[in-house]
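Source file: target-v9.csv (CSV, C-alpha atoms)
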```csv
chain,number,residue,atom,x,y,z
O,286,MET,CA,-13.1,-17.4,22.1
O,287,LYS,CA,-13.0,-19.7,19.0
O,288,LYS,CA,-13.3,-17.9,15.7
O,289,SER,CA,-15.8,-18.7,13.1
O,290,PRO,CA,-14.5,-20.9,10.3
O,291,ARG,CA,-15.1,-18.0,7.9
O,292,ASN,CA,-13.0,-15.6,10.0
O,293,LYS,CA,-9.6,-15.6,8.3
O,294,THR,CA,-8.2,-12.7,10.4
O,295,ILE,CA,-4.5,-13.1,11.1
O,296,ASP,CA,-3.9,-12.4,14.8
O,297,ILE,CA,-1.4,-14.9,16.1
O,298,GLY,CA,0.7,-13.9,19.1
O,299,VAL,CA,4.4,-13.5,19.5
O,300,GLU,CA,5.0,-17.0,21.1
O,301,GLU,CA,2.9,-18.8,18.5
O,302,GLY,CA,4.6,-16.9,15.7
O,303,ARG,CA,8.2,-16.9,17.0
O,304,HIS,CA,9.4,-18.9,14.0
O,305,TYR,CA,8.2,-16.0,11.8
O,306,LEU,CA,10.0,-13.5,13.9
O,307,ASP,CA,13.2,-15.5,13.6
O,308,LYS,CA,13.0,-14.8,9.8
O,309,CYS,CA,13.2,-11.1,10.3
O,310,LYS,CA,16.5,-9.1,10.2
O,311,ILE,CA,18.0,-6.9,12.9
O,312,ILE,CA,20.1,-4.1,11.4
O,313,ASP,CA,22.7,-2.3,13.6
O,314,ARG,CA,25.4,-1.6,11.1
O,315,PRO,CA,25.7,-0.6,7.4
O,316,VAL,CA,24.7,-3.5,5.1
O,317,CYS,CA,24.7,-4.0,1.3
O,318,LYS,CA,21.5,-4.2,-0.6
O,319,ASP,CA,21.8,-7.8,-1.5
O,320,ARG,CA,21.5,-8.8,2.2
O,321,LEU,CA,18.3,-6.8,2.6
O,322,ILE,CA,16.3,-7.8,-0.5
O,323,ASN,CA,13.0,-9.6,0.2
O,324,SER,CA,13.3,-9.1,4.0
O,325,THR,CA,11.4,-7.8,6.9
O,326,ILE,CA,13.6,-5.6,9.2
O,327,CYS,CA,12.4,-5.6,12.8
O,328,GLY,CA,13.4,-2.2,14.2
O,329,ASP,CA,12.8,1.5,14.5
O,330,LEU,CA,13.0,3.3,11.2
O,331,PHE,CA,15.0,6.1,12.7
O,332,GLN,CA,17.6,3.7,14.0
O,333,VAL,CA,17.6,1.4,10.9
O,334,ALA,CA,17.5,3.9,8.0
O,335,PRO,CA,21.1,5.3,8.5
O,336,PHE,CA,22.5,1.8,7.9
O,337,LEU,CA,20.6,1.2,4.6
O,338,PRO,CA,22.5,1.6,1.2
O,339,PRO,CA,21.8,5.0,-0.4
O,340,GLY,CA,20.5,5.3,-3.9
O,341,SER,CA,19.0,1.8,-4.0
O,342,ILE,CA,15.2,2.1,-3.8
O,343,ASP,CA,13.0,2.4,-6.9
O,344,LEU,CA,9.7,2.9,-5.2
O,345,MET,CA,8.9,3.9,-1.6
O,346,ILE,CA,5.4,3.5,-0.2
O,347,VAL,CA,5.1,5.3,3.2
O,348,ASP,CA,2.2,4.9,5.6
O,349,PRO,CA,3.3,6.9,8.7
O,350,PRO,CA,1.1,7.2,11.8
O,351,TYR,CA,-1.6,9.8,11.1
O,352,ASN,CA,-1.6,12.6,13.6
O,353,LEU,CA,-4.0,10.9,15.9
O,354,THR,CA,-3.6,9.3,19.3
O,355,LYS,CA,-3.8,5.6,18.5
O,356,GLN,CA,-2.9,2.2,20.1
O,357,TYR,CA,-0.8,-0.2,18.0
O,358,HIS,CA,-0.8,-3.4,20.1
O,359,GLY,CA,1.4,-2.3,22.9
O,360,LYS,CA,2.7,0.9,21.3
O,361,VAL,CA,1.0,4.3,21.3
O,362,PHE,CA,1.4,7.1,18.9
O,363,GLN,CA,0.4,10.4,20.6
O,364,LYS,CA,-1.2,13.2,18.7
O,365,LYS,CA,1.2,16.1,18.2
O,366,LYS,CA,0.8,19.8,17.6
O,367,ALA,CA,1.0,20.8,14.0
O,368,GLU,CA,4.6,22.0,14.1
O,369,GLU,CA,5.7,18.9,16.0
O,370,TYR,CA,4.1,16.6,13.4
O,371,ARG,CA,5.7,18.6,10.7
O,372,SER,CA,9.1,18.1,12.3
O,373,TYR,CA,8.4,14.4,12.7
O,374,THR,CA,7.5,14.2,9.0
O,375,GLU,CA,10.7,16.1,8.0
O,376,SER,CA,12.8,13.8,10.1
O,377,TRP,CA,11.7,10.6,8.5
O,378,LEU,CA,11.6,12.1,5.0
O,379,ASN,CA,15.2,13.4,5.4
O,380,LEU,CA,16.3,9.9,6.3
O,381,LEU,CA,14.5,8.2,3.5
O,382,LEU,CA,15.1,10.4,0.4
O,383,PRO,CA,18.8,9.6,0.2
O,384,LEU,CA,17.9,5.9,-0.1
O,385,MET,CA,16.1,6.5,-3.4
O,386,LYS,CA,17.4,6.3,-6.9
O,387,ASP,CA,17.3,9.4,-9.0
O,388,THR,CA,14.4,7.8,-11.0
O,389,GLY,CA,12.5,6.8,-7.8
O,390,SER,CA,8.9,7.6,-6.9
O,391,ILE,CA,7.3,8.0,-3.5
O,392,TYR,CA,3.8,7.6,-2.2
O,393,VAL,CA,2.7,8.9,1.2
O,394,CYS,CA,-0.6,7.9,2.9
O,395,CYS,CA,-2.4,10.3,5.2
O,396,ASP,CA,-5.8,11.5,6.4
O,397,TRP,CA,-7.2,14.9,5.7
O,398,GLN,CA,-5.5,16.6,8.6
O,399,SER,CA,-2.0,15.1,8.3
O,400,SER,CA,-2.3,15.6,4.5
O,401,LEU,CA,-2.2,19.4,5.0
O,402,ILE,CA,1.2,19.0,6.6
O,403,ILE,CA,2.7,16.1,4.6
O,404,GLY,CA,1.8,17.7,1.3
O,405,GLN,CA,3.7,20.9,2.2
O,406,VAL,CA,6.8,19.0,3.3
O,407,LEU,CA,6.8,16.9,0.2
O,408,MET,CA,6.5,20.0,-2.0
O,409,GLU,CA,9.6,21.4,-0.4
O,410,LYS,CA,11.7,18.3,-0.9
O,411,THR,CA,10.4,16.4,-3.9
O,412,ILE,CA,8.5,17.0,-7.2
O,413,VAL,CA,4.9,16.5,-6.2
O,414,ARG,CA,2.9,15.1,-9.1
O,415,ASN,CA,-0.6,14.5,-7.7
O,416,ARG,CA,-2.8,13.8,-4.7
O,417,ILE,CA,-4.8,10.7,-4.8
O,418,THR,CA,-8.0,10.6,-2.7
O,419,TRP,CA,-9.5,7.2,-2.1
O,420,GLN,CA,-12.8,6.3,-0.5
O,421,ARG,CA,-13.1,4.1,2.6
O,422,GLU,CA,-16.5,2.6,2.0
O,423,LYS,CA,-17.5,2.7,5.6
O,424,GLY,CA,-15.4,5.6,7.0
O,425,ARG,CA,-15.3,6.8,10.5
O,426,GLY,CA,-18.5,8.4,11.9
O,427,ALA,CA,-18.7,11.6,14.0
O,428,LYS,CA,-21.7,13.1,15.9
O,429,THR,CA,-20.8,16.7,15.3
O,430,ASN,CA,-19.0,16.6,12.0
O,431,TRP,CA,-19.1,15.0,8.6
O,432,LYS,CA,-18.0,11.3,8.6
O,433,ASN,CA,-14.4,10.8,7.5
O,434,GLY,CA,-14.8,8.6,4.4
O,435,MET,CA,-11.7,9.7,2.4
O,436,GLU,CA,-8.0,9.4,2.7
O,437,ASP,CA,-5.2,10.9,0.7
O,438,ILE,CA,-2.0,9.5,-0.9
O,439,TRP,CA,0.6,12.1,-2.1
O,440,TYR,CA,2.5,11.0,-5.2
O,441,ALA,CA,5.9,12.5,-5.8
O,442,THR,CA,9.2,11.8,-7.7
O,443,VAL,CA,12.8,12.6,-7.1
O,444,SER,CA,13.4,13.9,-10.6
O,445,ASN,CA,11.7,14.3,-14.0
O,446,GLN,CA,12.9,10.8,-14.9
O,447,PHE,CA,10.5,8.2,-13.4
O,448,VAL,CA,8.4,5.2,-14.1
O,449,PHE,CA,4.6,5.5,-14.7
O,450,ASP,CA,3.0,2.5,-16.5
O,451,LEU,CA,-0.5,3.6,-17.4
O,452,ASP,CA,-1.4,0.4,-19.1
O,453,ALA,CA,-0.8,-1.6,-15.9
O,454,VAL,CA,-3.5,0.3,-13.9
O,455,MET,CA,-6.4,0.5,-16.3
O,456,ILE,CA,-9.8,0.1,-14.7
O,457,ARG,CA,-12.5,-2.1,-16.2
O,458,ARG,CA,-15.9,-0.5,-16.0
O,459,ARG,CA,-19.3,-1.8,-17.1
O,460,VAL,CA,-20.7,-0.1,-20.2
O,461,ILE,CA,-24.4,0.7,-19.7
O,462,ALA,CA,-25.2,2.2,-23.1
O,463,PRO,CA,-22.7,0.8,-25.6
O,464,TYR,CA,-22.0,2.7,-28.8
O,465,ARG,CA,-21.2,0.8,-32.0
O,466,GLU,CA,-19.5,2.0,-35.2
O,467,ASN,CA,-20.2,-0.1,-38.3
O,468,GLY,CA,-21.8,-2.7,-36.1
O,469,LYS,CA,-18.7,-3.2,-34.0
O,470,PRO,CA,-18.0,-2.0,-30.4
O,471,LYS,CA,-16.3,1.4,-30.3
O,472,ASP,CA,-13.8,1.7,-27.4
O,473,TRP,CA,-15.4,-1.1,-25.3
O,474,ILE,CA,-15.2,-4.9,-24.9
O,475,GLU,CA,-18.1,-7.3,-25.6
O,476,SER,CA,-18.0,-10.5,-23.6
O,477,ARG,CA,-20.4,-13.3,-22.6
O,478,ASN,CA,-20.5,-11.7,-19.1
O,479,GLY,CA,-21.3,-8.2,-20.2
O,480,ASN,CA,-19.9,-5.1,-21.8
O,481,TYR,CA,-16.8,-3.4,-20.4
O,482,ARG,CA,-14.5,-0.5,-21.1
O,483,ASP,CA,-10.9,-0.3,-19.9
O,484,THR,CA,-10.4,3.3,-18.8
O,485,CYS,CA,-7.6,5.5,-17.5
O,486,PRO,CA,-7.6,5.9,-13.7
O,487,SER,CA,-8.2,9.3,-12.1
O,488,ASN,CA,-6.8,10.5,-8.8
O,489,PHE,CA,-10.1,9.6,-7.1
O,490,TRP,CA,-10.5,5.9,-6.3
O,491,ASP,CA,-13.9,4.7,-5.2
O,492,ASP,CA,-13.3,1.0,-6.0
O,493,ILE,CA,-11.3,0.0,-2.8
O,494,THR,CA,-12.6,-2.5,-0.3
O,495,ILE,CA,-11.2,-2.3,3.2
O,496,PRO,CA,-10.1,-5.8,4.4
O,497,PHE,CA,-12.6,-7.5,6.6
O,498,TRP,CA,-12.7,-10.7,8.7
O,499,SER,CA,-13.5,-13.2,5.9
O,500,MET,CA,-10.8,-12.0,3.6
O,501,PRO,CA,-7.4,-13.9,3.8
O,502,GLU,CA,-5.5,-10.7,3.7
O,503,ASN,CA,-7.1,-9.3,6.8
O,504,THR,CA,-5.1,-8.9,10.1
O,505,ALA,CA,-5.9,-7.4,13.5
O,506,HIS,CA,-3.8,-4.3,12.6
O,507,PRO,CA,-5.9,-1.2,13.4
O,508,ALA,CA,-4.9,0.7,10.2
O,509,GLN,CA,-4.3,-2.0,7.5
O,510,LYS,CA,-4.2,-0.9,3.9
O,511,PRO,CA,-5.9,-3.0,1.3
O,512,GLU,CA,-3.8,-5.0,-1.1
O,513,LYS,CA,-5.7,-3.6,-4.1
O,514,LEU,CA,-4.9,-0.1,-3.0
O,515,ILE,CA,-1.1,-0.8,-2.8
O,516,ALA,CA,-1.2,-2.9,-6.0
O,517,LYS,CA,-2.2,0.2,-8.0
O,518,LEU,CA,0.8,2.1,-6.7
O,519,VAL,CA,3.2,-0.8,-7.3
O,520,LEU,CA,2.1,-1.5,-10.8
O,521,ALA,CA,2.0,2.2,-11.8
O,522,SER,CA,5.4,3.2,-10.5
O,523,SER,CA,7.7,0.2,-10.7
O,524,ARG,CA,8.8,-2.5,-13.1
O,525,PRO,CA,9.1,-6.2,-12.3
O,526,GLY,CA,12.3,-6.8,-10.4
O,527,ASP,CA,12.4,-3.2,-8.9
O,528,LEU,CA,13.1,-2.7,-5.2
O,529,ILE,CA,10.3,-1.3,-3.1
O,530,LEU,CA,10.7,0.0,0.5
O,531,ASP,CA,8.0,0.4,3.1
O,532,PRO,CA,9.5,2.0,6.2
O,533,PHE,CA,6.3,1.8,8.3
O,534,LEU,CA,5.4,-1.8,7.2
O,535,GLY,CA,2.6,-2.5,9.6
O,536,SER,CA,1.1,-5.9,8.9
O,537,GLY,CA,3.1,-6.3,5.6
O,538,THR,CA,0.7,-5.3,2.8
O,539,THR,CA,3.4,-3.5,0.7
O,540,SER,CA,5.8,-6.4,0.9
O,541,VAL,CA,3.1,-9.0,0.2
O,542,VAL,CA,1.9,-7.0,-2.9
O,543,ALA,CA,5.4,-6.6,-4.1
O,544,LYS,CA,6.0,-10.3,-3.9
O,545,LYS,CA,2.7,-11.1,-5.6
O,546,LEU,CA,3.6,-8.8,-8.5
O,547,GLY,CA,7.2,-9.9,-9.1
O,548,ARG,CA,9.0,-7.0,-7.3
O,549,LYS,CA,11.6,-7.1,-4.6
O,550,TYR,CA,10.9,-5.6,-1.2
O,551,ILE,CA,12.2,-4.3,2.1
O,552,GLY,CA,9.9,-3.6,5.0
O,553,ILE,CA,10.8,-1.9,8.3
O,554,GLU,CA,8.5,-2.4,11.3
O,555,GLN,CA,9.3,-1.9,15.0
O,556,ASN,CA,6.4,-3.9,16.4
O,557,GLU,CA,7.3,-7.6,16.7
O,558,LEU,CA,3.7,-8.7,16.4
O,559,TYR,CA,3.2,-7.0,13.1
O,560,CYS,CA,6.5,-8.4,11.8
O,561,ILE,CA,5.1,-11.8,12.5
O,562,TRP,CA,1.9,-11.1,10.7
O,563,ALA,CA,3.8,-9.7,7.7
O,564,GLU,CA,6.0,-12.9,7.5
O,565,LYS,CA,2.9,-15.1,7.8
O,566,ARG,CA,1.3,-13.2,4.9
O,567,LEU,CA,4.4,-13.5,2.8
O,568,GLU,CA,4.4,-17.3,3.4
O,569,MET,CA,0.7,-17.4,2.3
O,570,ALA,CA,1.5,-15.4,-0.8
O,571,GLU,CA,3.7,-18.3,-2.0
O,572,GLN,CA,0.5,-20.4,-2.3
O,573,ASP,CA,-1.9,-17.7,-3.4
O,574,SER,CA,-0.8,-14.7,-5.4
O,575,SER,CA,-4.2,-13.3,-6.1
O,576,ILE,CA,-5.2,-9.8,-5.2
O,577,GLN,CA,-8.8,-9.1,-4.5
O,578,GLY,CA,-10.2,-6.8,-7.2
O,579,TYR,CA,-7.4,-7.3,-9.6
O,580,THR,CA,-7.9,-10.0,-12.2
O,581,SER,CA,-6.6,-10.7,-15.7
O,582,GLY,CA,-4.4,-7.6,-15.7
O,583,VAL,CA,-7.1,-5.1,-14.9
O,584,PHE,CA,-8.7,-3.5,-11.8
O,585,TRP,CA,-12.4,-4.2,-11.5
O,586,GLU,CA,-15.2,-2.1,-10.1
O,587,ARG,CA,-16.7,-3.3,-6.8
O,588,ASN,CA,-19.5,-5.9,-6.9
O,589,THR,CA,-18.3,-7.6,-10.1
O,590,LEU,CA,-16.9,-10.7,-8.4
O,591,ALA,CA,-18.7,-13.1,-10.6
O,592,ASP,CA,-17.1,-11.5,-13.7
O,593,GLN,CA,-13.7,-11.6,-12.0
O,594,LYS,CA,-14.0,-15.3,-11.3
O,595,SER,CA,-15.0,-16.1,-14.8
O,596,LYS,CA,-12.0,-14.0,-16.1
O,597,ALA,CA,-14.0,-12.5,-18.9
```
Using structure tokens, write down the structure from this file.
Amino acid sequence: MKKSPRNKTIDIGVEEGRHYLDKCKIIDRPVCKDRLINSTICGDLFQVAPFLPPGSIDLMIVDPPYNLTKQYHGKVFQKKKAEEYRSYTESWLNLLLPLMKDTGSIYVCCDWQSSLIIGQVLMEKTIVRNRITWQREKGRGAKTNWKNGMEDIWYATVSNQFVFDLDAVMIRRRVIAPYRENGKPKDWIESRNGNYRDTCPSNFWDDITIPFWSMPENTAHPAQKPEKLIAKLVLASSRPGDLILDPFLGSGTTSVVAKKLGRKYIGIEQNELYCIWAEKRLEMAEQDSSIQGYTSGVFWERNTLADQKSKA
């Protein structure tokens, strides 16, 4: 079936995208960091991680399979008992932590059920600093339960020496009742498009839009994270030129955001189809480095697109 001209979903197949797959690396022996920078590694994390250079990663963004039975285009993750999922979490975390610098930070995505397990494991092995909860504007409905409209991201560091750039993740909010002092705006910005205040972000994010079919970042991946979501993590916990690892890369969002924001990246993904989509998106990022919802150095509330375009 022919797609609508407005449907920008990336869903090319393996044969059509073979040239993208050829760009990916296969790792079966120890390699130096310089050979891995800005690359997509096609392979299983558990087989690849032992060959990666220790102490080389500044920031790790991890989006493991939630503890749900789910199809991933030819591969299936089976729901596990709680203890089995805990062992699974410990196994990948034990492989990944040695790869991080002493000043490194790690974010781990999860739903409410896997969060109960992942949070406990992180507390045993890292310094947990916060739990971010973000709102999926549609959520997943249920007939006999409350709709799941939230997901968690655990934020942790390896040590007490770490990067956190608050100024890079300020949120621009509209000011409804502006207060003036001596006739001048007090702690807010007056512009031709309205009144705004740049505020510190909390650990509850309600300004995230899930990618949909008319957005260039959208792919056919069943659990894709929005670029805006990942951009907040990258800007807060890394500096330009830092190296970011995503060991469950999926359709490539972390690598794409890292590239757009001037960071280096390594992504590991075992599904060839998703590797192709990731490389396609990285190619697109060379022509368009914009991130929906992030303009002029600030994150904007939803439904302020006109203001973003005008770069007020």
Checklist entry - Between atom CA of O:Arg482 and atom CA of O:Gly582, what is the distance, to one decimal in Å? => result 13.5 Å
Could the residues of stretch 311-403 of chain O that have an atom at most 6 Å from stretch 434-449 of chain O be listed as CSV, each with its closest atom pair and the distance in Å to one decimal, counting all atoms listed in the file and ordered by chain and ascending residue number?
```
residue,atom,partner,partner_atom,distance
O:Asp387,CA,O:Val443,CA,5.8
O:Thr388,CA,O:Phe447,CA,4.6
O:Gly389,CA,O:Val443,CA,5.8
O:Ser390,CA,O:Thr442,CA,4.3
O:Ile391,CA,O:Ala441,CA,5.2
O:Tyr392,CA,O:Tyr440,CA,4.7
O:Val393,CA,O:Trp439,CA,5.1
O:Cys394,CA,O:Ile438,CA,4.4
O:Cys395,CA,O:Asp437,CA,5.3
O:Asp396,CA,O:Glu436,CA,4.8
```
For C-alpha atoms, I'd like the residues from the last selection saved as a PDB file, in the frame of the given file.
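Once written, result-v3.pdb looks like this:
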```pdb
ATOM      1  CA  ASP O 387      17.300   9.400  -9.000  1.00  0.00           C
ATOM      2  CA  THR O 388      14.400   7.800 -11.000  1.00  0.00           C
ATOM      3  CA  GLY O 389      12.500   6.800  -7.800  1.00  0.00           C
ATOM      4  CA  SER O 390       8.900   7.600  -6.900  1.00  0.00           C
ATOM      5  CA  ILE O 391       7.300   8.000  -3.500  1.00  0.00           C
ATOM      6  CA  TYR O 392       3.800   7.600  -2.200  1.00  0.00           C
ATOM      7  CA  VAL O 393       2.700   8.900   1.200  1.00  0.00           C
ATOM      8  CA  CYS O 394      -0.600   7.900   2.900  1.00  0.00           C
ATOM      9  CA  CYS O 395      -2.400  10.300   5.200  1.00  0.00           C
ATOM     10  CA  ASP O 396      -5.800  11.500   6.400  1.00  0.00           C
TER      11      ASP O 396
END
```
Next on the checklist: Report as a PyMOL selection string all protein, DNA and RNA residues lying within 7 Å of stretch 567-581 of chain O, evaluated on all atoms listed in the file, omitting residues in the same chain fewer than 2 positions from it.
Outcome noted: chain O and resi 512-513+541+545+563-565+583-585+593+596
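Between atom CA of O:Glu475 and atom CA of O:Asp450 the interatomic distance comes to 25.0 Å.
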Item to check | Nearby residues, (2.6, -13.5, 21.4) file frame, 12 Å, only C-alpha atoms, as a PyMOL selection string | outcome: chain O and resi 296-306+358-359+556-562
My structure is short of atoms at stretch 311-332 of chain O; please model N, CA and C atoms there, returning them as a short mmCIF file (atom, residue, chain, number, x, y, z; two decimals), in the frame of the given file.
```cif
data_model
loop_
_atom_site.label_atom_id
_atom_site.label_comp_id
_atom_site.auth_asym_id
_atom_site.auth_seq_id
_atom_site.Cartn_x
_atom_site.Cartn_y
_atom_site.Cartn_z
N ILE O 311 17.67 -8.00 12.00
CA ILE O 311 18.00 -6.90 12.90
C ILE O 311 19.20 -6.19 12.30
N ILE O 312 19.07 -4.90 12.07
CA ILE O 312 20.10 -4.10 11.40
C ILE O 312 20.71 -3.12 12.39
N ASP O 313 22.01 -3.23 12.69
CA ASP O 313 22.70 -2.30 13.60
C ASP O 313 24.00 -1.80 13.06
N ARG O 314 24.22 -2.03 11.77
CA ARG O 314 25.40 -1.60 11.10
C ARG O 314 25.16 -1.48 9.61
N PRO O 315 25.97 -0.76 8.86
CA PRO O 315 25.70 -0.60 7.40
C PRO O 315 25.75 -2.01 6.74
N VAL O 316 24.79 -2.20 5.81
CA VAL O 316 24.70 -3.50 5.10
C VAL O 316 24.51 -3.21 3.61
N CYS O 317 24.91 -4.18 2.79
CA CYS O 317 24.70 -4.00 1.30
C CYS O 317 23.31 -4.42 0.96
N LYS O 318 22.91 -3.95 -0.19
CA LYS O 318 21.50 -4.20 -0.60
C LYS O 318 21.17 -5.63 -0.76
N ASP O 319 22.09 -6.44 -1.25
CA ASP O 319 21.80 -7.80 -1.50
C ASP O 319 21.39 -8.58 -0.22
N ARG O 320 21.87 -8.13 0.92
CA ARG O 320 21.50 -8.80 2.20
C ARG O 320 20.12 -8.39 2.68
N LEU O 321 19.56 -7.35 2.09
CA LEU O 321 18.30 -6.80 2.60
C LEU O 321 17.10 -7.19 1.68
N ILE O 322 17.39 -7.58 0.44
CA ILE O 322 16.30 -7.80 -0.50
C ILE O 322 15.38 -8.91 -0.02
N ASN O 323 14.08 -8.63 -0.15
CA ASN O 323 13.00 -9.60 0.20
C ASN O 323 13.09 -9.92 1.72
N SER O 324 13.20 -8.89 2.54
CA SER O 324 13.30 -9.10 4.00
C SER O 324 12.44 -8.16 4.76
N THR O 325 12.07 -8.61 5.96
CA THR O 325 11.40 -7.80 6.90
C THR O 325 12.43 -7.40 8.00
N ILE O 326 12.64 -6.10 8.20
CA ILE O 326 13.60 -5.60 9.20
C ILE O 326 12.78 -5.26 10.46
N CYS O 327 13.07 -5.91 11.56
CA CYS O 327 12.40 -5.60 12.80
C CYS O 327 13.20 -4.53 13.56
N GLY O 328 12.69 -3.32 13.56
CA GLY O 328 13.40 -2.20 14.20
C GLY O 328 12.74 -0.90 13.95
N ASP O 329 13.26 0.11 14.61
CA ASP O 329 12.80 1.50 14.50
C ASP O 329 13.36 2.12 13.26
N LEU O 330 12.52 2.66 12.40
CA LEU O 330 13.00 3.30 11.20
C LEU O 330 14.11 4.30 11.44
N PHE O 331 14.01 5.09 12.49
CA PHE O 331 15.00 6.10 12.70
C PHE O 331 16.36 5.55 13.14
N GLN O 332 16.37 4.34 13.63
CA GLN O 332 17.60 3.70 14.00
C GLN O 332 18.15 2.85 12.79
#
```
